[in-house]
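In what follows, a structure is listed as structure tokens, so that the remarks can point back to it.
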Protein chains: 2
Amino acid sequence: MKEITGGICAAKGFKANGIHCGIRKNKTKRDLSLITSEVKAAAAAVYTTNLVKGAPLTVTKAHIADGYAQAVICNSGNANTCNANGIEIAEQMSELVEKATGISKNDVVIASTGVIGQVLDITPIANGMDELAAGLGDHSDLAAEGIMTTDTVKKEIAVSFDIGGVECKIGGIAKGSGMIHPNMATMLVFITTDVAIAPELLQKALSTDIASTFNMVSVDGDTSTNDMVTVLANGMAGNAIIDKEDESFAEFCKALNSVTVYLCRKIAGDGEGATKLLECKVTGATDEKTAKTVAKSVICSSLLKAAMFGADANWGRVLCAIGYSGADVDVNKIDVSFESAKGRLDVCVNGAGIEFSEEKAKEILLEKEIDILVELNSGDAKATAWGCDLTYDYVKINGDYRT
Amino acid sequence: MKEITGGICAAKGFKANGIHCGIRKNKTKRDLSLITSEVKAAAAAVYTTNLVKGAPLTVTKAHIADGYAQAVICNSGNANTCNANGIEIAEQMSELVEKATGISKNDVVIASTGVIGQVLDITPIANGMDELAAGLGDHSDLAAEGIMTTDTVKKEIAVSFDIGGVECKIGGIAKGSGMIHPNMATMLVFITTDVAIAPELLQKALSTDIASTFNMVSVDGDTSTNDMVTVLANGMAGNAIIDKEDESFAEFCKALNSVTVYLCRKIAGDGEGATKLLECKVTGATDEKTAKTVAKSVICSSLLKAAMFGADANWGRVLCAIGYSGADVDVNKIDVSFESAKGRLDVCVNGAGIEFSEEKAKEILLEKEIDILVELNSGDAKATAWGCDLTYDYVKINGDYRT
């Protein structure tokens, strides 16, 4: 397996584009993206568990109920959620795609992201669709831009891998910066692959993967109404179709995981206002659930996040967050260390503080990527969660998001 | 029932004091407080549910196991938590109280608040104890100051009420500004009353009360390791002892509730960095648990808190927080309004946005106390939760708390 360029257009048969159609006021920001496959693709998706669900998710669910899809349309600037006519607008979006590309509206995945509760005007989308479709090509980067909201960096990745001697490719783009605390699904992530795989196995691979990837990311504890991850697999690589959980399936899962972990780190590190990527690695847990609960509680602590912003080795907040996580742990066995490119520092052993150099701690914590290592000393299970620091800019961005 | 002055010294037989003994570097900040009762008092307490528990809580639990106590000692500047010798230090604190006041060390409630994981030096406490005890008097305000950490205002209250024709009094002080997300107990709250009541009924009154008061407050979602609420009832008012759940018990519960609600509002409004008190009032729920879950989820949303800081009527974030709360609600029936001294504004009806004046919204949300009204239209149950906005100063305070 190796990293390659091309993002969602790396896999055979996929084209993409992204334009500014006018949903957003700022004319330099793209706000509409389209991804198409030359042929019908097996499709899998996972969605937010929020009871308040964006209308596009409801429509998408219906469209991929048969296990297949061929295009993705996504706008930014408006979430098309909590509107009386949301379903209608989402259906219109897929009809516009059919008209412009010839792909059946029932094979279109629809997504929207932005403000909740404002009616989404279909006019700019209708006006921009022809330009969007005409420009389809090797433009993963433009599609990645078109789905961004408060994101500051594009998030795209592709890898090539081998299945039964056939080279396959998988790539993804993602958006997500605030309202990030996925549960069963997450932000918006679009993954394309040319692997040949049965829809039910594609869904299984995705559902299994997100439990230890996107569901372990948190920027602010808020689970969005519009989270969604989709994978389209069009089979154009030419491998023998994966239709059981064999070695080829395992290979595909590994490639998928390399794409999702990369995007998780990108999303966490680009959390609203973030200056640092935080990675909490929990080891020595009695079981995986405990490890996950502990890792996610640490990564979600506002107090720890603020301390990391200040490069303050306030490990008491790590213990505090473990203590209220709900996980059944022996607090007197916990060891905590901080690690970055500048080295590693142990700060707590057996649940109590040990002497350490504040100077060394500062040096380690001033880095852009910080690992918080928690050893529970009670078993073999482990888990990783990703988050970011809490900064002035998070408050600034969210204090007046709508204007 | 009427509000009176005197705080924790309003009730007969209670004295208090607070001094700077040297735990904190800043000499203008008091860091040690003592409260005593002339006679032994029935004692009740509730504690944090965090698995990582401050040593003082463990010792306090043992000391009031018999249902009685006569003094409270509390320091700020160091939480005496996650230290190998924490229990020993907490025991020494109660021994120092015995030496200085003659009150048995086994009748002393001990509390500490401040940094976690640094050894608490007993020396300044030992050196300051005589001065602290000698100054005991009508000094509720000094005791309230001595327990403050990042608090910006003193939190004290007292009310008088009538039980069977006898005037009784109850008063309380509290500290709490960050790491506030109590569960079963909360921050540090010390309540004194001269009512005569059996210890088991006092505990029952307190345990019942906190479920709808302190447990419904959140500043940052972090449940502290040292949360504790205690009530001392010394019986000096002279009422017939309350030993069953009769009318007198109900009267006492009412008075207790007026003290706890006042302190809840004070704590939430003085949340770290807060500029606004937020009160989420949920009505029309199928049951109380649902109402509480919804209210607390709204008050805990970082995104909503940041929007309130920016006086932005971003009600979509209210719906989003209800949707991921885990409560079983019909999202298509939810109405949302914002209310303050400047009036009330409906912004969402039946789960969808309605047109409203942004100007009026701004006027309402620029006030210091904002009510977020959520009508679920599904039943008669209701609940209130208290919180505050998320501001630059929360990040500033917690980015470098230890220095």
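A note on labels: chains of the structure tokens are A, B, ... as shown, every chain counts residues from 1, and ligands are counted from 1 in their shown order.
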
Item to complete: Give as an MDAnalysis selection string every residue of chain A that touches chain B within 7 Å, counting only C-alpha atoms.
Response: chainID A and resid 49:52 82:84 116:118 220 222:225 301:303 306:310 312 316 319:321 323:324 331 351:353 390:392 395 398:400

Item to complete: Considering only C-alpha atoms, return as a PyMOL selection string whatever protein or nucleic-acid residues lie within 9 Å of Ile89 (chain B), sequence-local ones (same chain, fewer than 6 positions apart) excluded.
Response: chain B and resi 55-56+80+120-122

Worksheet entry | Polymer residues at most 9 Å from region 126-131 of chain A, only C-alpha atoms, same-chain spacing of 5 or more positions, as a ChimeraX atom specification | /A:19-22,32,92-93,96-97,99-101,136

Worksheet entry | Exercise: Val72 (chain A) partners within 8 Å, only C-alpha atoms, chain neighbours under 5 positions left out, as a PyMOL selection string | chain A and resi 33-36+108-111

Worksheet entry | Residues within 6 Å of region 39-47 of chain B, only C-alpha atoms, excluding chain neighbours under 4 positions, as a ChimeraX atom specification | /B:67-70,185,199,203,227-234

With C-alpha atoms retained, write the just-selected residues as a compact mmCIF listing (two decimals), in the first residue's frame.
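What ended up in part-v8.txt:
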# COMPACT_ATOMS: atom_id res chain seq x y z
CA GLY B 67 -24.72 11.84 61.10
CA TYR B 68 -23.12 14.69 63.00
CA ALA B 69 -20.42 17.33 62.62
CA GLN B 70 -19.50 20.63 64.22
CA ALA B 185 -22.87 16.41 43.95
CA PRO B 199 -29.63 13.52 60.25
CA GLN B 203 -29.56 13.83 54.10
CA ASP B 227 -17.24 18.45 44.44
CA MET B 228 -19.10 18.45 47.73
CA VAL B 229 -22.22 19.99 49.24
CA THR B 230 -22.66 19.84 53.00
CA VAL B 231 -25.40 21.02 55.35
CA LEU B 232 -24.96 21.45 59.07
CA ALA B 233 -28.20 21.77 61.09
CA ASN B 234 -27.53 22.57 64.75

For Gly13 (chain B), list every protein, DNA or RNA residue within 7 Å, evaluated using only C-alpha atoms, and leave out those in the same chain fewer than 4 positions away; present the list as a PDB file with C-alpha atoms, in the first residue's frame.
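result29.pdb written:
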ATOM      1  CA  SER B  37     -21.236  25.523  65.286  1.00  0.00           C
ATOM      2  CA  GLU B  38     -21.694  26.187  69.011  1.00  0.00           C
ATOM      3  CA  MET B 236     -30.594  26.035  67.905  1.00  0.00           C
TER       4      MET B 236
END

Item to complete: Based on DSSP run over this structure's backbone, return all residues of region 129-376 of chain A in helix (DSSP H, G or I), as a PyMOL selection string.
Response: chain A and resi 129-134+140-146+199-212+214-216+247-269+288-300+302-309+316-323+331-333+358-365

Just the selected residues (C-alpha atoms), exported as a compact mmCIF listing (two decimals), in the first residue's frame, please.
# COMPACT_ATOMS: atom_id res chain seq x y z
CA MET A 129 -25.41 22.83 -12.30
CA ASP A 130 -24.48 22.93 -15.98
CA GLU A 131 -21.16 24.67 -15.29
CA LEU A 132 -20.51 22.16 -12.48
CA ALA A 133 -21.18 19.13 -14.66
CA ALA A 134 -19.32 20.53 -17.69
CA SER A 140 -10.64 16.25 -6.38
CA ASP A 141 -9.17 19.44 -4.93
CA LEU A 142 -12.02 21.63 -6.23
CA ALA A 143 -14.63 19.22 -4.86
CA ALA A 144 -12.79 19.20 -1.50
CA GLU A 145 -12.96 23.01 -1.46
CA GLY A 146 -16.64 23.11 -2.33
CA PRO A 199 -22.50 -3.62 -1.36
CA GLU A 200 -23.15 -5.50 1.89
CA LEU A 201 -19.43 -6.10 2.43
CA LEU A 202 -18.67 -2.48 1.60
CA GLN A 203 -21.20 -1.42 4.25
CA LYS A 204 -19.71 -3.86 6.73
CA ALA A 205 -16.19 -2.58 6.10
CA LEU A 206 -17.34 1.02 6.59
CA SER A 207 -19.48 0.41 9.67
CA THR A 208 -16.67 -1.50 11.35
CA ASP A 209 -14.05 1.05 10.45
CA ILE A 210 -15.78 4.19 11.73
CA ALA A 211 -16.15 2.74 15.25
CA SER A 212 -12.43 3.22 15.80
CA PHE A 214 -14.43 8.91 12.92
CA ASN A 215 -16.38 8.02 16.06
CA MET A 216 -13.20 8.65 18.04
CA GLU A 247 -7.93 -11.97 2.61
CA SER A 248 -8.97 -9.53 -0.12
CA PHE A 249 -11.62 -8.07 2.17
CA ALA A 250 -8.96 -7.65 4.86
CA GLU A 251 -6.70 -5.89 2.34
CA PHE A 252 -9.50 -3.53 1.39
CA CYS A 253 -10.31 -2.81 5.06
CA LYS A 254 -6.66 -1.95 5.66
CA ALA A 255 -6.62 0.47 2.72
CA LEU A 256 -9.91 1.99 3.82
CA ASN A 257 -8.53 2.44 7.34
CA SER A 258 -5.43 4.22 6.08
CA VAL A 259 -7.71 6.72 4.32
CA THR A 260 -10.07 7.21 7.28
CA VAL A 261 -7.31 7.59 9.90
CA TYR A 262 -5.60 10.19 7.72
CA LEU A 263 -8.85 12.14 7.39
CA CYS A 264 -9.57 11.83 11.15
CA ARG A 265 -6.24 13.42 11.97
CA LYS A 266 -6.84 16.13 9.38
CA ILE A 267 -10.28 16.92 10.78
CA ALA A 268 -9.14 16.99 14.42
CA GLY A 269 -6.07 19.07 13.64
CA GLU A 288 -11.70 -2.01 24.11
CA LYS A 289 -14.87 -0.24 25.27
CA THR A 290 -13.10 0.97 28.40
CA ALA A 291 -10.12 2.14 26.36
CA LYS A 292 -12.38 4.05 23.97
CA THR A 293 -14.44 5.63 26.75
CA VAL A 294 -11.30 6.84 28.51
CA ALA A 295 -9.63 8.13 25.33
CA LYS A 296 -12.70 10.03 24.21
CA SER A 297 -13.36 11.54 27.64
CA VAL A 298 -9.81 12.91 27.79
CA ILE A 299 -9.98 14.35 24.28
CA CYS A 300 -13.33 16.01 25.07
CA SER A 302 -12.63 21.54 27.76
CA LEU A 303 -10.21 22.08 30.62
CA LEU A 304 -7.54 19.80 29.18
CA LYS A 305 -8.06 21.30 25.72
CA ALA A 306 -7.50 24.80 27.12
CA ALA A 307 -4.42 23.61 29.02
CA MET A 308 -2.96 22.16 25.81
CA PHE A 309 -3.55 25.52 24.09
CA GLY A 316 -4.59 16.46 36.81
CA ARG A 317 -7.18 17.30 34.17
CA VAL A 318 -6.37 14.05 32.35
CA LEU A 319 -7.04 12.08 35.53
CA CYS A 320 -10.16 14.12 36.24
CA ALA A 321 -11.52 13.34 32.77
CA ILE A 322 -10.78 9.65 33.19
CA GLY A 323 -12.50 9.70 36.56
CA VAL A 331 -7.41 5.18 39.27
CA ASN A 332 -4.47 4.16 41.44
CA LYS A 333 -2.88 2.28 38.55
CA GLU A 358 8.37 22.14 33.64
CA GLU A 359 10.85 23.40 31.07
CA LYS A 360 10.89 20.05 29.26
CA ALA A 361 7.09 19.87 29.50
CA LYS A 362 6.76 23.27 27.86
CA GLU A 363 9.14 22.29 25.08
CA ILE A 364 7.11 19.14 24.34
CA LEU A 365 3.71 20.85 24.56
